[in-house]
$ cat upload.txt   # compact mmCIF, C-alpha atoms and all ligand atoms
# COMPACT_ATOMS: atom_id res chain seq x y z
CA MET A 1 73.42 1.29 57.98
CA THR A 2 75.54 3.63 55.90
CA THR A 3 75.17 3.91 52.15
CA SER A 4 78.50 2.20 51.50
CA SER A 5 77.23 -0.85 53.32
CA LEU A 6 74.77 -1.49 50.45
CA SER A 7 77.63 -1.93 48.00
CA HIS A 8 79.64 -3.87 50.57
CA HIS A 9 76.83 -6.42 50.97
CA LEU A 10 76.08 -6.48 47.26
CA LEU A 11 79.70 -7.08 46.24
CA ASN A 12 80.20 -9.69 48.93
CA TRP A 13 77.15 -11.57 47.71
CA PHE A 14 78.31 -11.27 44.10
CA GLU A 15 81.72 -12.70 44.92
CA ASN A 16 80.06 -15.83 46.24
CA HIS A 17 77.10 -16.17 43.89
CA ALA A 18 78.09 -14.83 40.48
CA ARG A 19 77.35 -17.28 37.70
CA THR A 20 80.23 -18.61 35.64
CA LEU A 21 79.46 -17.42 32.12
CA PRO A 22 81.63 -17.64 29.01
CA TRP A 23 81.80 -13.84 28.64
CA ARG A 24 83.13 -13.40 32.17
CA SER A 25 86.71 -14.32 31.35
CA ALA A 26 88.06 -11.60 33.67
CA PRO A 27 86.57 -9.66 36.60
CA ALA A 28 84.17 -6.88 35.63
CA GLY A 29 86.13 -3.69 35.24
CA GLN A 30 89.07 -5.45 33.57
CA ARG A 31 87.32 -7.46 30.88
CA PRO A 32 88.14 -7.28 27.16
CA ALA A 33 85.77 -4.70 25.66
CA TYR A 34 85.13 -6.94 22.64
CA GLU A 35 83.80 -9.70 24.90
CA VAL A 36 81.57 -7.28 26.84
CA TRP A 37 80.22 -5.73 23.67
CA ILE A 38 79.40 -9.00 21.88
CA SER A 39 77.73 -10.50 24.96
CA GLU A 40 75.71 -7.36 25.68
CA MET A 41 74.47 -7.15 22.09
CA MET A 42 73.47 -10.81 22.15
CA LEU A 43 71.79 -10.52 25.55
CA GLN A 44 69.42 -7.73 24.48
CA GLN A 45 65.92 -9.27 24.47
CA THR A 46 67.44 -12.75 24.78
CA GLN A 47 67.82 -15.19 27.69
CA VAL A 48 71.28 -15.95 29.09
CA SER A 49 70.85 -19.70 28.47
CA SER A 50 70.04 -19.09 24.79
CA VAL A 51 73.01 -16.75 24.34
CA ILE A 52 75.71 -19.09 25.75
CA PRO A 53 76.09 -21.41 22.71
CA TYR A 54 75.85 -18.45 20.30
CA PHE A 55 78.57 -16.57 22.18
CA GLU A 56 80.87 -19.60 22.23
CA ARG A 57 80.45 -20.25 18.50
CA TRP A 58 80.93 -16.57 17.76
CA MET A 59 84.21 -16.34 19.67
CA LYS A 60 85.57 -19.35 17.76
CA CYS A 61 84.77 -17.74 14.40
CA PHE A 62 85.40 -14.08 15.26
CA PRO A 63 87.74 -13.98 18.27
CA ASP A 64 88.50 -10.26 17.94
CA LEU A 65 87.44 -7.01 16.32
CA GLU A 66 89.79 -7.45 13.39
CA SER A 67 88.31 -10.80 12.36
CA LEU A 68 84.80 -9.40 12.66
CA ALA A 69 85.52 -6.27 10.63
CA LYS A 70 86.96 -8.40 7.80
CA ALA A 71 84.18 -11.00 7.86
CA ASP A 72 81.63 -11.63 5.15
CA PHE A 73 78.25 -10.38 6.40
CA ASP A 74 76.48 -13.56 5.26
CA ASP A 75 78.72 -15.55 7.65
CA ILE A 76 77.77 -13.19 10.49
CA LEU A 77 74.07 -13.63 9.76
CA LYS A 78 74.48 -17.39 9.62
CA LEU A 79 76.08 -17.36 13.10
CA TRP A 80 73.29 -15.09 14.35
CA GLU A 81 70.55 -17.28 12.85
CA GLY A 82 67.90 -18.06 15.48
CA LEU A 83 68.93 -15.28 17.91
CA GLY A 84 66.39 -12.94 16.31
CA TYR A 85 66.45 -9.13 16.18
CA TYR A 86 68.75 -9.30 13.19
CA ARG A 87 69.26 -5.56 13.22
CA ARG A 88 71.71 -6.17 16.07
CA ALA A 89 73.92 -8.26 13.77
CA ARG A 90 73.98 -5.49 11.15
CA LEU A 91 74.87 -2.89 13.78
CA LEU A 92 77.65 -5.08 15.19
CA TYR A 93 79.15 -5.33 11.74
CA ALA A 94 78.85 -1.59 11.10
CA CYS A 95 80.41 -0.86 14.48
CA ALA A 96 83.34 -3.25 13.91
CA GLN A 97 84.06 -1.50 10.62
CA GLU A 98 83.87 1.94 12.15
CA LEU A 99 86.24 0.89 14.93
CA ALA A 100 88.66 -0.53 12.34
CA GLN A 101 88.56 2.62 10.20
CA LYS A 102 88.41 5.41 12.77
CA TYR A 103 89.82 3.96 15.99
CA GLN A 104 92.70 1.74 14.73
CA GLY A 105 90.72 -1.36 15.69
CA ASN A 106 90.35 -0.42 19.37
CA PHE A 107 87.38 0.59 21.48
CA PRO A 108 87.36 4.13 22.80
CA GLN A 109 87.44 3.96 26.59
CA SER A 110 84.82 6.47 27.66
CA TYR A 111 81.04 6.36 27.75
CA HIS A 112 80.78 9.59 25.74
CA GLU A 113 82.84 8.15 22.87
CA LEU A 114 81.29 4.68 23.03
CA ILE A 115 77.74 5.97 22.70
CA LYS A 116 78.58 7.54 19.33
CA LEU A 117 79.25 4.10 17.82
CA PRO A 118 76.61 2.26 15.71
CA GLY A 119 74.31 0.11 17.84
CA LEU A 120 75.53 1.31 21.23
CA GLY A 121 72.77 2.95 23.22
CA PRO A 122 72.88 4.34 26.77
CA TYR A 123 72.78 0.86 28.33
CA SER A 124 75.34 -0.92 26.15
CA ALA A 125 77.76 2.04 26.08
CA ALA A 126 77.63 2.21 29.89
CA ALA A 127 78.03 -1.57 30.17
CA VAL A 128 81.20 -1.51 28.04
CA ALA A 129 82.53 1.59 29.85
CA ALA A 130 81.99 0.02 33.28
CA LEU A 131 82.66 -3.68 32.68
CA ALA A 132 85.68 -3.19 30.41
CA PHE A 133 87.14 0.14 31.55
CA ASN A 134 85.80 0.52 35.11
CA GLU A 135 84.32 3.92 34.29
CA THR A 136 82.06 5.35 37.00
CA VAL A 137 78.74 5.06 35.17
CA ILE A 138 75.56 3.06 35.75
CA ALA A 139 74.36 0.65 33.06
CA ILE A 140 70.59 0.62 33.40
CA ASP A 141 68.90 -2.45 31.95
CA GLY A 142 65.55 -4.00 32.90
CA ASN A 143 67.10 -5.72 35.93
CA VAL A 144 68.59 -2.53 37.30
CA LYS A 145 65.34 -0.64 36.73
CA ARG A 146 63.38 -3.25 38.67
CA VAL A 147 65.88 -3.51 41.55
CA SER A 148 66.14 0.28 41.83
CA SER A 149 62.40 0.79 41.72
CA ARG A 150 62.13 -1.54 44.75
CA LEU A 151 65.24 -0.31 46.58
CA PHE A 152 64.11 3.30 46.42
CA CYS A 153 60.33 2.84 46.02
CA LEU A 154 60.25 4.61 42.66
CA GLU A 155 56.88 4.61 40.93
CA VAL A 156 58.25 6.24 37.82
CA VAL A 157 61.37 4.53 36.55
CA ASP A 158 63.50 7.45 35.38
CA PRO A 159 67.02 6.37 34.31
CA LYS A 160 68.51 9.73 35.33
CA GLU A 161 67.11 9.48 38.84
CA ILE A 162 68.21 5.84 39.16
CA ALA A 163 71.75 6.73 38.02
CA GLU A 164 71.96 9.60 40.52
CA LYS A 165 70.88 7.38 43.40
CA LEU A 166 73.10 4.46 42.47
CA LEU A 167 76.17 6.59 41.81
CA LYS A 168 76.05 7.58 45.48
CA GLU A 169 76.44 3.89 46.38
CA LEU A 170 79.05 2.98 43.80
CA PRO A 171 82.60 2.38 45.09
CA LEU A 172 84.81 4.44 42.78
CA ASP A 173 87.39 1.74 42.11
CA LYS A 174 84.79 -1.01 41.54
CA ALA A 175 82.38 0.43 39.00
CA GLY A 176 82.47 -2.71 36.83
CA LEU A 177 81.83 -5.09 39.71
CA PHE A 178 79.08 -2.91 41.19
CA ASN A 179 77.24 -2.75 37.86
CA GLU A 180 77.53 -6.45 37.17
CA ALA A 181 76.50 -7.35 40.72
CA LEU A 182 73.38 -5.23 40.49
CA ILE A 183 72.37 -6.80 37.16
CA GLU A 184 73.06 -10.25 38.64
CA LEU A 185 70.96 -9.45 41.70
CA GLY A 186 68.05 -8.59 39.42
CA ALA A 187 68.51 -11.81 37.45
CA LEU A 188 68.95 -14.19 40.39
CA VAL A 189 67.29 -12.67 43.47
CA CYS A 190 65.17 -9.61 42.77
CA ASN A 191 63.35 -11.23 39.87
CA PRO A 192 60.13 -9.85 38.38
CA LYS A 193 57.48 -12.10 39.93
CA HIS A 194 58.93 -13.84 42.99
CA PRO A 195 61.84 -11.90 44.48
CA SER A 196 63.72 -13.89 47.14
CA CYS A 197 63.75 -11.06 49.65
CA ASP A 198 64.56 -13.28 52.62
CA SER A 199 67.91 -14.21 51.13
CA CYS A 200 68.58 -10.83 49.50
CA PRO A 201 71.94 -9.28 50.45
CA VAL A 202 70.53 -5.72 50.33
CA LYS A 203 67.20 -6.23 52.07
CA ALA A 204 68.29 -3.96 54.92
CA HIS A 205 68.60 -1.13 52.38
CA CYS A 206 65.47 -1.93 50.40
CA THR A 207 62.69 0.55 51.10
CA ALA A 208 60.02 -1.60 49.46
CA PHE A 209 61.00 -4.59 51.59
CA GLN A 210 61.32 -2.57 54.77
CA THR A 211 57.87 -1.07 54.27
CA ASP A 212 56.28 -4.32 53.07
CA ARG A 213 55.47 -2.95 49.62
CA VAL A 214 57.58 -5.17 47.36
CA ASP A 215 54.50 -6.19 45.34
CA SER A 216 53.78 -2.55 44.48
CA PHE A 217 57.12 -1.99 42.63
CA PRO A 218 57.80 -1.56 39.83
CA LYS A 219 54.43 -0.25 38.77
CA VAL A 220 52.93 -2.59 36.18
CA ILE A 221 52.09 -0.89 32.91
CA PRO A 222 49.48 -2.86 30.94
CA LYS A 223 50.84 -4.12 27.64
CA LYS A 224 49.21 -3.03 24.41
CA PRO A 225 47.75 -5.92 22.42
CA VAL A 226 50.09 -7.04 19.65
CA PRO A 227 48.68 -6.93 16.09
CA LYS A 228 48.27 -10.24 14.30
CA ILE A 229 48.97 -10.57 10.60
CA GLU A 230 48.35 -13.38 8.15
CA ARG A 231 50.44 -14.20 5.08
CA TYR A 232 50.89 -16.94 2.51
CA ALA A 233 54.36 -18.41 1.96
CA LEU A 234 54.77 -19.26 -1.72
CA ILE A 235 56.70 -22.49 -2.13
CA TYR A 236 58.05 -23.60 -5.45
CA GLN A 237 60.45 -26.51 -5.69
CA THR A 238 61.86 -29.17 -7.93
CA LYS A 239 63.58 -32.39 -6.85
CA SER A 240 66.89 -30.63 -6.41
CA HIS A 241 66.05 -26.95 -5.78
CA ILE A 242 63.76 -24.70 -3.78
CA TRP A 243 63.04 -21.05 -4.62
CA LEU A 244 63.87 -18.47 -1.93
CA ARG A 245 64.30 -14.73 -1.82
CA LYS A 246 67.09 -12.81 -0.10
CA ARG A 247 65.26 -10.11 1.84
CA PRO A 248 66.55 -6.57 1.27
CA THR A 249 68.29 -5.05 4.30
CA ASP A 250 65.55 -2.43 4.84
CA GLU A 251 62.86 -5.10 5.28
CA LEU A 252 61.97 -7.11 8.37
CA LEU A 253 64.51 -9.97 8.63
CA GLY A 254 66.65 -8.08 6.10
CA GLY A 255 69.65 -9.95 4.75
CA LEU A 256 68.14 -13.33 5.58
CA TRP A 257 66.91 -15.79 3.00
CA GLY A 258 63.28 -16.87 3.15
CA PHE A 259 60.13 -17.84 1.34
CA VAL A 260 58.27 -15.17 -0.58
CA LEU A 261 55.40 -13.99 1.60
CA SER A 262 52.22 -12.76 -0.01
CA GLU A 263 49.14 -11.04 1.39
CA ALA A 264 46.94 -12.44 -1.37
CA LEU A 265 46.22 -16.03 -2.21
CA ALA A 266 48.37 -17.01 -5.21
CA LYS A 267 46.54 -18.13 -8.33
CA GLU A 268 48.99 -20.84 -9.26
CA VAL A 269 48.43 -23.16 -6.33
CA SER A 270 49.14 -26.85 -6.83
CA SER A 271 48.24 -28.19 -3.40
CA ALA A 272 47.68 -26.68 0.02
CA ASP A 273 47.92 -29.32 2.67
CA LEU A 274 50.81 -27.91 4.68
CA PRO A 275 50.00 -26.87 8.24
CA PRO A 276 50.07 -23.13 9.04
CA VAL A 277 53.12 -21.79 10.90
CA LYS A 278 52.95 -19.21 13.67
CA HIS A 279 55.67 -16.96 15.01
CA ALA A 280 55.70 -14.10 17.51
CA TYR A 281 57.89 -11.03 17.05
CA THR A 282 58.04 -8.16 19.58
CA HIS A 283 55.62 -5.92 17.74
CA PHE A 284 53.35 -8.38 16.00
CA LYS A 285 52.39 -12.03 15.61
CA ILE A 286 52.33 -13.70 12.24
CA ARG A 287 50.45 -16.75 10.97
CA VAL A 288 51.70 -18.08 7.68
CA LYS A 289 49.93 -20.56 5.44
CA PRO A 290 52.44 -22.35 3.21
CA LEU A 291 51.19 -22.83 -0.37
CA MET A 292 52.82 -24.98 -3.04
CA VAL A 293 52.78 -22.93 -6.26
CA THR A 294 53.39 -23.96 -9.85
CA MET A 295 55.83 -21.25 -10.88
CA PRO A 296 58.73 -19.43 -9.17
CA PRO A 297 57.47 -16.58 -6.95
CA PRO A 298 58.61 -13.01 -7.80
CA ASP A 299 62.20 -12.05 -6.84
CA SER A 300 63.05 -15.61 -5.80
CA GLU A 301 65.99 -17.68 -6.96
CA PRO A 302 66.69 -21.41 -7.02
CA ILE A 303 68.68 -22.76 -4.08
CA ALA A 304 70.11 -26.28 -4.20
CA LEU A 305 68.53 -28.30 -1.38
CA GLU A 306 71.91 -29.33 0.01
CA LYS A 307 72.85 -25.65 0.33
CA LEU A 308 69.90 -24.86 2.62
CA LYS A 309 71.83 -25.62 5.78
CA THR A 310 74.52 -23.10 4.95
CA LEU A 311 72.14 -20.15 4.42
CA ALA A 312 70.95 -17.80 7.15
CA LEU A 313 67.18 -18.25 7.49
CA SER A 314 64.76 -16.88 10.07
CA LYS A 315 63.00 -19.11 12.61
CA LEU A 316 59.76 -18.61 10.70
CA ASP A 317 61.29 -19.94 7.48
CA ARG A 318 62.95 -22.83 9.33
CA LYS A 319 59.50 -23.75 10.70
CA ILE A 320 58.07 -23.79 7.15
CA LEU A 321 60.99 -25.96 6.04
CA ALA A 322 60.34 -28.33 8.95
CA GLY A 323 56.75 -28.70 7.68
CA LEU A 324 58.09 -29.55 4.21
CA ALA A 325 60.59 -32.00 5.70
CA ALA A 326 57.75 -33.74 7.55
CA LEU A 327 56.11 -34.31 4.15
CA GLY A 328 59.41 -35.66 2.82
CA SER A 329 59.66 -32.70 0.44
CA VAL A 330 63.14 -31.40 1.40
FE1 LIG B 1 64.50 -6.97 45.62
FE2 LIG B 1 63.48 -8.03 47.84
FE3 LIG B 1 66.09 -7.50 47.66
FE4 LIG B 1 64.33 -5.52 47.83
S1 LIG B 1 64.74 -7.07 49.37
S2 LIG B 1 66.06 -5.64 46.45
S3 LIG B 1 62.62 -6.35 46.64
S4 LIG B 1 64.93 -9.00 46.47

$ encode --input "upload.txt" --output "structure tokens"
Amino acid sequence: MTTSSLSHHLLNWFENHARTLPWRSAPAGQRPAYEVWISEMMLQQTQVSSVIPYFERWMKCFPDLESLAKADFDDILKLWEGLGYYRRARLLYACAQELAQKYQGNFPQSYHELIKLPGLGPYSAAAVAALAFNETVIAIDGNVKRVSSRLFCLEVVDPKEIAEKLLKELPLDKAGLFNEALIELGALVCNPKHPSCDSCPVKAHCTAFQTDRVDSFPKVIPKKPVPKIERYALIYQTKSHIWLRKRPTDELLGGLWGFVLSEALAKEVSSADLPPVKHAYTHFKIRVKPLMVTMPPPDSEPIALEKLKTLALSKLDRKILAGLAALGSV
């Protein structure tokens, strides 16, 4: 088979099997850059099924760059609430403002310009360049790394080497489609644990499959154990208000409201029969013991209970609130 037959089979398969997703309003290569950018930022570290409702709500509130650049950041955080990795929301906002101020509210159309923008790294800049502007680049995410490592039997997953190999296969006028098809293949067929090689459209080109070594690629790197930390959440409330702190932007979960967390057991504890709450972040796991205290914790301010729904809170804080709700406290 010739090299071009890989892309022929891949694109043919994609035409028949691509999922219908809300951010695929136009074929890859001709899609609005705003749509590509928002969906790619939301999809980082997050499952497609979780992103769909967030993307749909987002587009209703901020349908274009202009509306996003003019938005109040608290409203952005509220829409992002629950998606995690809140830094992405801050970078989106910073990028929208930079585009409004320096680029007359438009996206630059080349990878080299896109990668200079806040929050756009090699993957997302290439994704926007290819999926919106059909630029001949390869967007290398986890899916593409895995598929390439199997296609070419690569033990070391080097993005430069992957890009060189894939660029040889890429049809010049279909860069967007080729990129999206490859990512889709990784998501639907060449998945991490049980790739469906028998029904794979590129099995004839796959070195790992042809040499019966699919299980050996990509090489598994053992994960480092994640540190576990313990904190107390200091809860002070009256019948109508609860005391929360708005976390500074340079802290974890910056910009979000939440309970004051303390390493030490507070002295002014009134009762302590709330169940502990656990949450896992990428770099650590946290176990929080909620404590009812008898005076407002430092840096906190009173929030009317009926206003709680309108504030952006992290999942951890929502879990603590759920514990309080179970006691009939909020
Ligand atoms: Fe992945 Fe199997 Fe297809 Fe190779 S043949 S690309 S390992 S699904």

$ residues_near_ligand --input "upload.txt" --ligand "ligand LIG 1 (chain B)" --cutoff "9 Å" --atoms "only C-alpha atoms and all ligand atoms" --output "mmCIF file with C-alpha atoms, in the frame of the given file"
data_model
loop_
_atom_site.group_PDB
_atom_site.id
_atom_site.type_symbol
_atom_site.label_atom_id
_atom_site.label_comp_id
_atom_site.auth_asym_id
_atom_site.auth_seq_id
_atom_site.Cartn_x
_atom_site.Cartn_y
_atom_site.Cartn_z
ATOM 1 C CA ARG A 146 63.380 -3.250 38.670
ATOM 2 C CA VAL A 147 65.880 -3.510 41.550
ATOM 3 C CA SER A 148 66.140 0.280 41.830
ATOM 4 C CA SER A 149 62.400 0.790 41.720
ATOM 5 C CA ARG A 150 62.130 -1.540 44.750
ATOM 6 C CA LEU A 151 65.240 -0.310 46.580
ATOM 7 C CA PHE A 152 64.110 3.300 46.420
ATOM 8 C CA LEU A 185 70.960 -9.450 41.700
ATOM 9 C CA GLY A 186 68.050 -8.590 39.420
ATOM 10 C CA LEU A 188 68.950 -14.190 40.390
ATOM 11 C CA VAL A 189 67.290 -12.670 43.470
ATOM 12 C CA CYS A 190 65.170 -9.610 42.770
ATOM 13 C CA ASN A 191 63.350 -11.230 39.870
ATOM 14 C CA PRO A 192 60.130 -9.850 38.380
ATOM 15 C CA HIS A 194 58.930 -13.840 42.990
ATOM 16 C CA PRO A 195 61.840 -11.900 44.480
ATOM 17 C CA SER A 196 63.720 -13.890 47.140
ATOM 18 C CA CYS A 197 63.750 -11.060 49.650
ATOM 19 C CA ASP A 198 64.560 -13.280 52.620
ATOM 20 C CA SER A 199 67.910 -14.210 51.130
ATOM 21 C CA CYS A 200 68.580 -10.830 49.500
ATOM 22 C CA PRO A 201 71.940 -9.280 50.450
ATOM 23 C CA VAL A 202 70.530 -5.720 50.330
ATOM 24 C CA LYS A 203 67.200 -6.230 52.070
ATOM 25 C CA ALA A 204 68.290 -3.960 54.920
ATOM 26 C CA HIS A 205 68.600 -1.130 52.380
ATOM 27 C CA CYS A 206 65.470 -1.930 50.400
ATOM 28 C CA THR A 207 62.690 0.550 51.100
ATOM 29 C CA ALA A 208 60.020 -1.600 49.460
ATOM 30 C CA PHE A 209 61.000 -4.590 51.590
ATOM 31 C CA GLN A 210 61.320 -2.570 54.770
ATOM 32 C CA ARG A 213 55.470 -2.950 49.620
ATOM 33 C CA VAL A 214 57.580 -5.170 47.360
ATOM 34 C CA ASP A 215 54.500 -6.190 45.340
ATOM 35 C CA PHE A 217 57.120 -1.990 42.630
#

$ closest_residue --input "upload.txt" --among "A:Thr238, A:Ser329, A:Asn179, A:Asn143" --to "Ala130 in chain A" --atoms "only C-alpha atoms"
A:Asn179

$ atom_distance --input "upload.txt" --atom1 "CA of Asp72 in chain A" --atom2 "CA of Leu313 in chain A"
16.1 Å

$ closest_residue --input "upload.txt" --among "A:Phe73, A:Tyr232, A:Trp257, A:Phe14" --to "Lys315 in chain A" --atoms "all atoms listed in the file"
A:Trp257

$ residues_around --input "upload.txt" --residues "Gly82 in chain A" --least-positions-apart "2" --cutoff "8 Å" --atoms "only C-alpha atoms" --output "list in words"
Trp80, Gly84, Ser314 and Lys315 of chain A

$ residues_around --input "upload.txt" --residues "Lys307 in chain A" --least-positions-apart "4" --cutoff "12 Å" --atoms "only C-alpha atoms" --output "list of chain:residue names"
A:Ser240, A:His241, A:Ile242, A:Trp243, A:Leu244, A:Trp257, A:Pro302, A:Ile303, A:Leu311, A:Ala312, A:Leu313, A:Val330
